[in-house]
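One structure is given below, encoded as structure tokens.
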Amino acid sequence: KQEVTQIPAALSVPEGENLVLNCSFTDSAIYNLQWFRQDPGKGLTSLLLIQSSQREQTSGRLNASLDKSSGRSTLYIAASQPGDSATYLCAVRPAAGNKLTFGGGTRVLVKP
Amino acid sequence: KAGVTQTPRYLIKTRGQQVTLSCSPISGHRSVSWYQQTPGQGLQFLFEYFSETQRNKGNFPGRFSGRQFSNSRSEMNVSTLELGDSALYLCASSPLTGTGNYGYTFGSGTRLTVV
């Protein structure tokens, strides 16, 4: 059974600092891994999708890496801004089936 | 292009009642999945529909059911509501056609409160 863990559960940084968010998973038989952002009381916004064959994916200030063999992904957010304050979730899709397994999320606060 | 639309946004129901939530996926997306989000359990998979067929089901009691229509719109139903069913219910769509490396797009969710 796939288990996804995100540590730390919460993070507070001053504006301008780079953010590093971690995601680990127990079963390396994955199809892809997706990072989401969730604002309080809202739905999930997809940030990046990394295919199992990829090592990293970039979009603007965001960069996500994937090390499938060690069961880890990292989301980097460069030069953080107060608007980056949100909960960040990672989700893995298994090699067989379409059910996403989510981590518990990391709640980020960027202080001005 | 319109995103995933969930209605209603908020619902307040009484214990023992039933409720139906609706989800319209992105045009052309044939896979619709439902998730329940609570502070204690996080995001948990309910079920997935593809071409009107339920392909996967999570570990929820039979009070939770769903269906998908020929236009890919989906509904989920919860009967005999319990206080513990209070949650944010999220719908996700994907252009999945069995294989292919597609991601999921989520709606804004329906906040259900059971009193």
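If you're wondering about the labels, chains in the structure tokens are A, B, ... by order shown, residues count from 1 in each chain, ligands from 1 in order shown.
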Closest atom pairs, residues of chain B within 7 Å of chain A, only C-alpha atoms, as a tab-separated table:
residue	atom	partner	partner_atom	distance
B:Gly42	CA	A:Gly104	CA	6.0
B:Leu43	CA	A:Phe102	CA	6.3
B:Phe45	CA	A:Lys99	CA	6.8
B:Leu90	CA	A:Gly43	CA	6.9
B:Asn101	CA	A:Gln51	CA	6.7
B:Gly103	CA	A:Leu49	CA	6.4
B:Thr105	CA	A:Ser46	CA	6.7
B:Phe106	CA	A:Leu44	CA	5.6
B:Gly107	CA	A:Gly43	CA	5.7
B:Ser108	CA	A:Gly43	CA	4.0
B:Gly109	CA	A:Gly43	CA	5.6
Write a file of the selected residues as a PDB file, in the first residue's frame, keeping all heavy atoms.
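Writing done, so here's out.pdb:
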ATOM      1  N   GLY B  42      -7.015  13.952   5.952  1.00  0.00           N
ATOM      2  CA  GLY B  42      -6.435  14.468   4.723  1.00  0.00           C
ATOM      3  C   GLY B  42      -7.311  14.133   3.524  1.00  0.00           C
ATOM      4  O   GLY B  42      -8.523  14.012   3.641  1.00  0.00           O
ATOM      5  N   LEU B  43      -6.671  13.952   2.382  1.00  0.00           N
ATOM      6  CA  LEU B  43      -7.382  13.653   1.142  1.00  0.00           C
ATOM      7  C   LEU B  43      -7.474  12.154   0.945  1.00  0.00           C
ATOM      8  O   LEU B  43      -6.462  11.459   0.884  1.00  0.00           O
ATOM      9  CB  LEU B  43      -6.658  14.277  -0.057  1.00  0.00           C
ATOM     10  CG  LEU B  43      -7.009  15.718  -0.329  1.00  0.00           C
ATOM     11  CD1 LEU B  43      -5.834  16.458  -0.944  1.00  0.00           C
ATOM     12  CD2 LEU B  43      -8.204  15.778  -1.283  1.00  0.00           C
ATOM     13  N   PHE B  45      -9.345   8.985  -1.372  1.00  0.00           N
ATOM     14  CA  PHE B  45      -9.992   8.624  -2.625  1.00  0.00           C
ATOM     15  C   PHE B  45     -11.336   7.954  -2.359  1.00  0.00           C
ATOM     16  O   PHE B  45     -11.431   7.022  -1.554  1.00  0.00           O
ATOM     17  CB  PHE B  45      -9.061   7.698  -3.393  1.00  0.00           C
ATOM     18  CG  PHE B  45      -9.640   7.082  -4.626  1.00  0.00           C
ATOM     19  CD1 PHE B  45      -9.741   7.821  -5.795  1.00  0.00           C
ATOM     20  CD2 PHE B  45     -10.072   5.768  -4.628  1.00  0.00           C
ATOM     21  CE1 PHE B  45     -10.263   7.252  -6.946  1.00  0.00           C
ATOM     22  CE2 PHE B  45     -10.588   5.193  -5.766  1.00  0.00           C
ATOM     23  CZ  PHE B  45     -10.687   5.940  -6.925  1.00  0.00           C
ATOM     24  N   LEU B  90     -13.997  16.937  -3.186  1.00  0.00           N
ATOM     25  CA  LEU B  90     -13.314  17.432  -4.377  1.00  0.00           C
ATOM     26  C   LEU B  90     -13.481  16.462  -5.525  1.00  0.00           C
ATOM     27  O   LEU B  90     -13.380  15.246  -5.357  1.00  0.00           O
ATOM     28  CB  LEU B  90     -11.829  17.633  -4.084  1.00  0.00           C
ATOM     29  CG  LEU B  90     -11.494  18.765  -3.111  1.00  0.00           C
ATOM     30  CD1 LEU B  90     -10.078  18.623  -2.582  1.00  0.00           C
ATOM     31  CD2 LEU B  90     -11.659  20.116  -3.791  1.00  0.00           C
ATOM     32  N   ASN B 101       0.317   9.771 -19.801  1.00  0.00           N
ATOM     33  CA  ASN B 101       0.834  10.414 -18.599  1.00  0.00           C
ATOM     34  C   ASN B 101       0.141  11.734 -18.354  1.00  0.00           C
ATOM     35  O   ASN B 101       0.711  12.799 -18.555  1.00  0.00           O
ATOM     36  CB  ASN B 101       2.338  10.609 -18.735  1.00  0.00           C
ATOM     37  CG  ASN B 101       3.060  10.148 -17.494  1.00  0.00           C
ATOM     38  OD1 ASN B 101       2.571  10.325 -16.384  1.00  0.00           O
ATOM     39  ND2 ASN B 101       4.226   9.576 -17.685  1.00  0.00           N
ATOM     40  N   GLY B 103      -2.118  14.463 -15.948  1.00  0.00           N
ATOM     41  CA  GLY B 103      -2.360  14.881 -14.584  1.00  0.00           C
ATOM     42  C   GLY B 103      -3.844  15.098 -14.356  1.00  0.00           C
ATOM     43  O   GLY B 103      -4.662  14.908 -15.249  1.00  0.00           O
ATOM     44  N   THR B 105      -6.979  17.639 -12.904  1.00  0.00           N
ATOM     45  CA  THR B 105      -7.420  19.005 -12.634  1.00  0.00           C
ATOM     46  C   THR B 105      -8.573  18.932 -11.653  1.00  0.00           C
ATOM     47  O   THR B 105      -9.549  18.222 -11.908  1.00  0.00           O
ATOM     48  CB  THR B 105      -7.877  19.706 -13.924  1.00  0.00           C
ATOM     49  OG1 THR B 105      -6.811  19.695 -14.877  1.00  0.00           O
ATOM     50  CG2 THR B 105      -8.258  21.153 -13.621  1.00  0.00           C
ATOM     51  N   PHE B 106      -8.442  19.671 -10.566  1.00  0.00           N
ATOM     52  CA  PHE B 106      -9.449  19.632  -9.512  1.00  0.00           C
ATOM     53  C   PHE B 106     -10.402  20.816  -9.584  1.00  0.00           C
ATOM     54  O   PHE B 106     -10.029  21.910 -10.032  1.00  0.00           O
ATOM     55  CB  PHE B 106      -8.781  19.625  -8.133  1.00  0.00           C
ATOM     56  CG  PHE B 106      -8.268  18.281  -7.720  1.00  0.00           C
ATOM     57  CD1 PHE B 106      -7.083  17.782  -8.249  1.00  0.00           C
ATOM     58  CD2 PHE B 106      -8.965  17.501  -6.818  1.00  0.00           C
ATOM     59  CE1 PHE B 106      -6.598  16.526  -7.879  1.00  0.00           C
ATOM     60  CE2 PHE B 106      -8.500  16.250  -6.436  1.00  0.00           C
ATOM     61  CZ  PHE B 106      -7.321  15.764  -6.962  1.00  0.00           C
ATOM     62  N   GLY B 107     -11.618  20.577  -9.115  1.00  0.00           N
ATOM     63  CA  GLY B 107     -12.582  21.649  -8.949  1.00  0.00           C
ATOM     64  C   GLY B 107     -12.377  22.364  -7.620  1.00  0.00           C
ATOM     65  O   GLY B 107     -11.466  22.034  -6.863  1.00  0.00           O
ATOM     66  N   SER B 108     -13.235  23.341  -7.361  1.00  0.00           N
ATOM     67  CA  SER B 108     -13.127  24.131  -6.125  1.00  0.00           C
ATOM     68  C   SER B 108     -13.716  23.422  -4.918  1.00  0.00           C
ATOM     69  O   SER B 108     -13.502  23.853  -3.788  1.00  0.00           O
ATOM     70  CB  SER B 108     -13.819  25.480  -6.299  1.00  0.00           C
ATOM     71  OG  SER B 108     -13.190  26.211  -7.331  1.00  0.00           O
ATOM     72  N   GLY B 109     -14.462  22.353  -5.166  1.00  0.00           N
ATOM     73  CA  GLY B 109     -14.981  21.557  -4.068  1.00  0.00           C
ATOM     74  C   GLY B 109     -16.365  21.968  -3.596  1.00  0.00           C
ATOM     75  O   GLY B 109     -16.849  23.074  -3.888  1.00  0.00           O
TER      76      GLY B 109
END
DSSP-assigned strand (DSSP E) among stretch 17-110 of chain B, expressed as number ranges by chain:
B: 19-24, 31-38, 42-50, 53-57, 64-68, 74-78, 87-94, 105-106, 110
Of the candidates A:Thr106, A:Ser85, A:Thr74, A:Ser53, which shows the shortest atom-to-atom distance to A:Val20, using only C-alpha atoms?
A:Thr74
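Atom pair atom CA of A:Asp67 / atom CA of A:Ala95 has a distance of 15.4 Å (rounded to one decimal).
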All residues 10 Å or closer to stretch 59-61 of chain A, only C-alpha atoms, same chain fewer than 3 positions away omitted, as a list in words:
Asn18, Leu47, Leu48, Ala64, Tyr76, Ile77, Ala78, Ala79 and Ser80 of chain A
Would you kindly return, as JSON, numbers by chain, each protein, DNA or RNA residue with an atom no farther than 10 Å from any atom of B:Ser86, considering only C-alpha atoms and excluding same-chain residues fewer than 5 positions away?
{"B": [11, 12, 13, 36, 37, 38, 81, 111, 112, 113, 114, 115]}
Output C-alpha atoms for every residue in that selection, as an mmCIF file, in the first residue's frame.
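For reference, selection.cif as written:
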data_model
loop_
_atom_site.group_PDB
_atom_site.id
_atom_site.type_symbol
_atom_site.label_atom_id
_atom_site.label_comp_id
_atom_site.auth_asym_id
_atom_site.auth_seq_id
_atom_site.Cartn_x
_atom_site.Cartn_y
_atom_site.Cartn_z
ATOM 1 C CA LEU B 11 -24.282 22.599 1.763
ATOM 2 C CA ILE B 12 -25.685 22.216 5.248
ATOM 3 C CA LYS B 13 -27.601 19.030 5.934
ATOM 4 C CA GLN B 36 -12.946 13.576 0.528
ATOM 5 C CA GLN B 37 -10.798 16.011 2.479
ATOM 6 C CA THR B 38 -10.988 16.309 6.261
ATOM 7 C CA LEU B 81 -25.592 11.404 6.592
ATOM 8 C CA ARG B 111 -18.116 22.049 1.499
ATOM 9 C CA LEU B 112 -20.631 19.754 3.224
ATOM 10 C CA THR B 113 -21.553 20.409 6.831
ATOM 11 C CA VAL B 114 -23.714 17.858 8.648
ATOM 12 C CA VAL B 115 -25.471 19.126 11.784
#
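Once B:Phe64 and its same-chain neighbours fewer than 4 positions away are set aside, Leu46, Phe60, Met76, Asn77, Val78 and Ser79 of chain B remain within 9 Å of it when counting only C-alpha atoms.
Put simply, atom CA of A:Leu62 is 22.3 Å away from atom CA of B:Gly3.
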